[in-house]
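Participant: So here's upload_2.pdb, just PDB, C-alpha atoms, pLDDT in the B column:
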MODEL        1
ATOM      1  CA  MET M   1      18.207 -56.096 -18.871  1.00 49.00           C
ATOM      2  CA  THR M   2      17.005 -53.919 -21.736  1.00 55.00           C
ATOM      3  CA  THR M   3      18.777 -50.890 -23.074  1.00 54.00           C
ATOM      4  CA  ASN M   4      17.257 -47.759 -24.439  1.00 56.00           C
ATOM      5  CA  ALA M   5      17.900 -48.046 -28.184  1.00 51.00           C
ATOM      6  CA  THR M   6      16.692 -44.563 -29.091  1.00 53.00           C
ATOM      7  CA  PRO M   7      19.538 -42.090 -29.617  1.00 62.00           C
ATOM      8  CA  ARG M   8      19.526 -39.004 -27.445  1.00 68.00           C
ATOM      9  CA  GLU M   9      18.584 -35.770 -29.105  1.00 68.00           C
ATOM     10  CA  THR M  10      21.503 -33.374 -29.458  1.00 75.00           C
ATOM     11  CA  SER M  11      21.292 -29.675 -28.744  1.00 81.00           C
ATOM     12  CA  PHE M  12      21.588 -28.955 -32.475  1.00 76.00           C
ATOM     13  CA  GLU M  13      18.561 -31.129 -33.195  1.00 78.00           C
ATOM     14  CA  ARG M  14      16.581 -29.382 -30.461  1.00 84.00           C
ATOM     15  CA  ILE M  15      17.511 -25.964 -31.847  1.00 85.00           C
ATOM     16  CA  VAL M  16      16.585 -26.879 -35.424  1.00 81.00           C
ATOM     17  CA  SER M  17      13.352 -28.492 -34.244  1.00 84.00           C
ATOM     18  CA  ALA M  18      12.428 -25.360 -32.296  1.00 88.00           C
ATOM     19  CA  LEU M  19      13.373 -23.182 -35.279  1.00 87.00           C
ATOM     20  CA  MET M  20      11.141 -25.232 -37.565  1.00 87.00           C
ATOM     21  CA  LEU M  21       8.242 -24.880 -35.128  1.00 91.00           C
ATOM     22  CA  VAL M  22       8.761 -21.115 -34.929  1.00 92.00           C
ATOM     23  CA  VAL M  23       8.911 -20.819 -38.735  1.00 89.00           C
ATOM     24  CA  PHE M  24       5.772 -22.942 -39.119  1.00 91.00           C
ATOM     25  CA  TRP M  25       3.680 -21.009 -36.611  1.00 93.00           C
ATOM     26  CA  THR M  26       4.941 -17.644 -37.865  1.00 92.00           C
ATOM     27  CA  ALA M  27       4.096 -18.603 -41.448  1.00 92.00           C
ATOM     28  CA  PHE M  28       0.708 -19.960 -40.376  1.00 92.00           C
ATOM     29  CA  SER M  29      -0.035 -16.744 -38.459  1.00 93.00           C
ATOM     30  CA  ALA M  30       1.096 -14.590 -41.375  1.00 91.00           C
ATOM     31  CA  LEU M  31      -1.188 -16.513 -43.740  1.00 92.00           C
ATOM     32  CA  GLY M  32      -4.146 -16.122 -41.381  1.00 92.00           C
ATOM     33  CA  ALA M  33      -3.497 -12.433 -40.728  1.00 91.00           C
ATOM     34  CA  GLY M  34      -2.891 -11.796 -44.415  1.00 90.00           C
ATOM     35  CA  LEU M  35      -6.157 -13.458 -45.349  1.00 90.00           C
ATOM     36  CA  ALA M  36      -8.030 -11.434 -42.740  1.00 91.00           C
ATOM     37  CA  LEU M  37      -6.390  -8.205 -43.932  1.00 88.00           C
ATOM     38  CA  TRP M  38      -7.051  -9.050 -47.556  1.00 88.00           C
ATOM     39  CA  LEU M  39     -10.728  -9.723 -46.846  1.00 88.00           C
ATOM     40  CA  ALA M  40     -11.095  -6.604 -44.684  1.00 88.00           C
ATOM     41  CA  THR M  41      -9.148  -4.156 -46.855  1.00 85.00           C
ATOM     42  CA  SER M  42      -8.917  -5.515 -50.353  1.00 75.00           C
ATOM     43  CA  ALA M  43      -7.909  -2.125 -51.737  1.00 75.00           C
ATOM     44  CA  THR M  44      -4.425  -2.289 -50.159  1.00 80.00           C
ATOM     45  CA  ASP M  45      -1.634  -4.774 -50.737  1.00 85.00           C
ATOM     46  CA  THR M  46      -0.969  -5.381 -47.045  1.00 84.00           C
ATOM     47  CA  GLY M  47      -2.876  -8.653 -46.923  1.00 85.00           C
ATOM     48  CA  ALA M  48      -1.260  -9.967 -50.094  1.00 85.00           C
ATOM     49  CA  VAL M  49       2.210  -9.146 -48.752  1.00 87.00           C
ATOM     50  CA  ALA M  50       1.472 -10.940 -45.461  1.00 88.00           C
ATOM     51  CA  MET M  51       0.157 -13.997 -47.323  1.00 89.00           C
ATOM     52  CA  ALA M  52       3.243 -14.022 -49.553  1.00 89.00           C
ATOM     53  CA  ALA M  53       5.453 -13.898 -46.453  1.00 89.00           C
ATOM     54  CA  GLY M  54       3.517 -16.812 -44.968  1.00 91.00           C
ATOM     55  CA  LEU M  55       3.911 -18.868 -48.128  1.00 89.00           C
ATOM     56  CA  LEU M  56       7.620 -18.079 -48.198  1.00 89.00           C
ATOM     57  CA  GLY M  57       7.899 -19.326 -44.624  1.00 89.00           C
ATOM     58  CA  LEU M  58       6.124 -22.557 -45.523  1.00 88.00           C
ATOM     59  CA  LEU M  59       8.462 -23.019 -48.488  1.00 85.00           C
ATOM     60  CA  LEU M  60      11.422 -22.538 -46.173  1.00 85.00           C
ATOM     61  CA  LEU M  61      10.507 -25.594 -44.097  1.00 87.00           C
ATOM     62  CA  PRO M  62      11.659 -28.258 -46.613  1.00 84.00           C
ATOM     63  CA  ILE M  63      14.956 -26.415 -47.062  1.00 84.00           C
ATOM     64  CA  LEU M  64      15.467 -26.397 -43.291  1.00 84.00           C
ATOM     65  CA  ARG M  65      14.679 -30.104 -43.187  1.00 86.00           C
ATOM     66  CA  VAL M  66      17.254 -30.882 -45.888  1.00 87.00           C
ATOM     67  CA  VAL M  67      19.921 -28.773 -44.145  1.00 85.00           C
ATOM     68  CA  TRP M  68      19.094 -30.569 -40.896  1.00 86.00           C
ATOM     69  CA  ALA M  69      19.506 -33.945 -42.605  1.00 88.00           C
ATOM     70  CA  MET M  70      22.823 -32.807 -44.104  1.00 89.00           C
ATOM     71  CA  ALA M  71      24.162 -31.699 -40.723  1.00 86.00           C
ATOM     72  CA  THR M  72      23.039 -34.929 -39.074  1.00 86.00           C
ATOM     73  CA  ALA M  73      24.638 -37.042 -41.796  1.00 89.00           C
ATOM     74  CA  LEU M  74      27.845 -35.038 -41.528  1.00 90.00           C
ATOM     75  CA  ALA M  75      27.943 -35.435 -37.753  1.00 86.00           C
ATOM     76  CA  ARG M  76      27.410 -39.182 -38.051  1.00 88.00           C
ATOM     77  CA  ARG M  77      29.866 -39.429 -40.962  1.00 91.00           C
ATOM     78  CA  ASP M  78      27.220 -41.104 -43.086  1.00 90.00           C
ATOM     79  CA  TRP M  79      28.591 -40.212 -46.507  1.00 93.00           C
ATOM     80  CA  LEU M  80      25.825 -41.918 -48.484  1.00 94.00           C
ATOM     81  CA  MET M  81      23.123 -39.956 -46.650  1.00 92.00           C
ATOM     82  CA  LEU M  82      25.148 -36.755 -47.009  1.00 92.00           C
ATOM     83  CA  GLY M  83      25.511 -37.289 -50.759  1.00 94.00           C
ATOM     84  CA  ALA M  84      21.779 -37.960 -51.120  1.00 93.00           C
ATOM     85  CA  THR M  85      20.786 -34.850 -49.184  1.00 91.00           C
ATOM     86  CA  VAL M  86      23.263 -32.684 -51.106  1.00 91.00           C
ATOM     87  CA  ALA M  87      21.764 -34.033 -54.337  1.00 93.00           C
ATOM     88  CA  VAL M  88      18.260 -33.145 -53.104  1.00 89.00           C
ATOM     89  CA  LEU M  89      19.400 -29.651 -52.131  1.00 87.00           C
ATOM     90  CA  VAL M  90      21.052 -29.128 -55.535  1.00 90.00           C
ATOM     91  CA  ILE M  91      17.867 -30.267 -57.291  1.00 90.00           C
ATOM     92  CA  LEU M  92      15.734 -27.904 -55.179  1.00 84.00           C
ATOM     93  CA  ILE M  93      18.034 -24.972 -55.915  1.00 86.00           C
ATOM     94  CA  ALA M  94      18.248 -25.807 -59.639  1.00 90.00           C
ATOM     95  CA  LEU M  95      14.478 -26.040 -59.991  1.00 88.00           C
ATOM     96  CA  THR M  96      14.006 -22.792 -58.077  1.00 83.00           C
ATOM     97  CA  LEU M  97      16.525 -20.971 -60.266  1.00 86.00           C
ATOM     98  CA  ARG M  98      15.000 -22.443 -63.413  1.00 87.00           C
ATOM     99  CA  ASP M  99      11.525 -21.304 -62.419  1.00 83.00           C
ATOM    100  CA  ALA M 100      12.784 -17.894 -61.345  1.00 79.00           C
ATOM    101  CA  ALA M 101      14.508 -17.425 -64.713  1.00 83.00           C
ATOM    102  CA  THR M 102      11.279 -18.107 -66.614  1.00 84.00           C
ATOM    103  CA  LEU M 103       9.131 -15.660 -64.641  1.00 72.00           C
ATOM    104  CA  GLU M 104       7.740 -12.825 -66.674  1.00 70.00           C
ATOM    105  CA  GLN M 105       8.233  -9.387 -65.266  1.00 59.00           C
TER     106      GLN M 105
ENDMDL
END
Can you dump the structure from the file as C-alpha cells?

Facilitator:
Amino acid sequence: MTTNATPRETSFERIVSALMLVVFWTAFSALGAGLALWLATSATDTGAVAMAAGLLGLLLLPILRVVWAMATALARRDWLMLGATVAVLVILIALTLRDAATLEQ
C-alpha cells in the first residue's frame, strides 16, 4: 500500500498563490497597456505611469514569495528556514533603502 507523500495545500497557500497570479497578470496587463498608450500618445505621461505600475507589480512578486516562505516556515516551526527568509527580506529592504537614498531628485 502506498501513501500520498505530497502535503496538502492549505487555504493560506491557495490564497497567496491566487494573489500572486492576480498581481502577475495585473502587472503584465499594465505593462502591455502602458506600452500601447505610450506608443499611441507619447505626448502624455499616461503610458509611462501604467508601465511604472506594471514594473512595480512585477517587483512585488519576490517580496510576496519571501513573505509566503516566512509564513510557511513559521507554521511548520522550521526556525532555520524562518531565519534564512528573514535574512533575505532584510537584505532586500536594505538594498532598496540604499538605492532609494542615492536617487537624485

Participant: Report the distance between CA of Ala71 in chain M and CA of Leu21 in chain M in Å, rounded to one decimal place.

Facilitator: 18.2 Å

Participant: List the spatial neighbours of range 26-38 of chain M as a PDB file with C-alpha atoms, keeping the file's coordinate frame - criterion: any atom at most 6 Å away, only C-alpha atoms, same-chain residues fewer than 2 positions off excluded.

Facilitator:
ATOM      1  CA  VAL M  22       8.761 -21.115 -34.929  1.00 92.00           C
ATOM      2  CA  VAL M  23       8.911 -20.819 -38.735  1.00 89.00           C
ATOM      3  CA  PHE M  24       5.772 -22.942 -39.119  1.00 91.00           C
ATOM      4  CA  ALA M  40     -11.095  -6.604 -44.684  1.00 88.00           C
ATOM      5  CA  THR M  41      -9.148  -4.156 -46.855  1.00 85.00           C
ATOM      6  CA  SER M  42      -8.917  -5.515 -50.353  1.00 75.00           C
ATOM      7  CA  GLY M  47      -2.876  -8.653 -46.923  1.00 85.00           C
ATOM      8  CA  ALA M  50       1.472 -10.940 -45.461  1.00 88.00           C
ATOM      9  CA  MET M  51       0.157 -13.997 -47.323  1.00 89.00           C
ATOM     10  CA  GLY M  54       3.517 -16.812 -44.968  1.00 91.00           C
ATOM     11  CA  GLY M  57       7.899 -19.326 -44.624  1.00 89.00           C
TER      12      GLY M  57
END

Participant: Once 6 Å is added on each side, what centre and edge lengths in Å to one decimal does the axis-aligned box around all listed atoms of range 40-57 of chain M have, as lines of an AutoDock Vina configuration file?

Facilitator:
center_x = -1.6
center_y = -10.7
center_z = -48.2
size_x = 31.0
size_y = 29.2
size_z = 19.1

Participant: Can you measure CA of Glu13 in chain M to CA of Leu74 in chain M for me? One decimal in Å is fine.

Facilitator: 13.1 Å

Participant: Which of these, M:Asp99, M:Thr72, M:Leu92, M:Gly83, has the shortest distance to Thr10 in chain M once you count all atoms listed in the file?

Facilitator: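 When distances to Thr10 in chain M are compared using all atoms listed in the file, the smallest one comes from M:Thr72.
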
Participant: Nearest to Met70 in chain M among M:Ala52, M:Leu82, M:Ala100, M:Leu58, with distances taken over only C-alpha atoms: which residue is it?

Facilitator: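 Closest to Met70 in chain M of all the choices is M:Leu82.
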
Participant: Have a look at CA of Phe12 in chain M and CA of Leu64 in chain M and let me know their distance in Å, one decimal.

Facilitator: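 A separation of 12.7 Å between them.
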
Participant: Excluding same-chain residues fewer than 5 positions from Val86 in chain M, what lies within 10 Å of it counting all atoms listed in the file, as a PDB file with C-alpha atoms, in the frame of the given file?

Facilitator:
ATOM      1  CA  VAL M  66      17.254 -30.882 -45.888  1.00 87.00           C
ATOM      2  CA  VAL M  67      19.921 -28.773 -44.145  1.00 85.00           C
ATOM      3  CA  ALA M  69      19.506 -33.945 -42.605  1.00 88.00           C
ATOM      4  CA  MET M  70      22.823 -32.807 -44.104  1.00 89.00           C
ATOM      5  CA  LEU M  80      25.825 -41.918 -48.484  1.00 94.00           C
ATOM      6  CA  MET M  81      23.123 -39.956 -46.650  1.00 92.00           C
ATOM      7  CA  ILE M  91      17.867 -30.267 -57.291  1.00 90.00           C
ATOM      8  CA  LEU M  92      15.734 -27.904 -55.179  1.00 84.00           C
TER       9      LEU M  92
END

Participant: Name the closest residue to Trp25 in chain M among the candidates M:Leu61, M:Ile93, M:Trp68, M:Val88; distances are taken between atoms, counting all atoms listed in the file.

Facilitator: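 That would be M:Leu61, the residue with the smallest distance to Trp25 in chain M.
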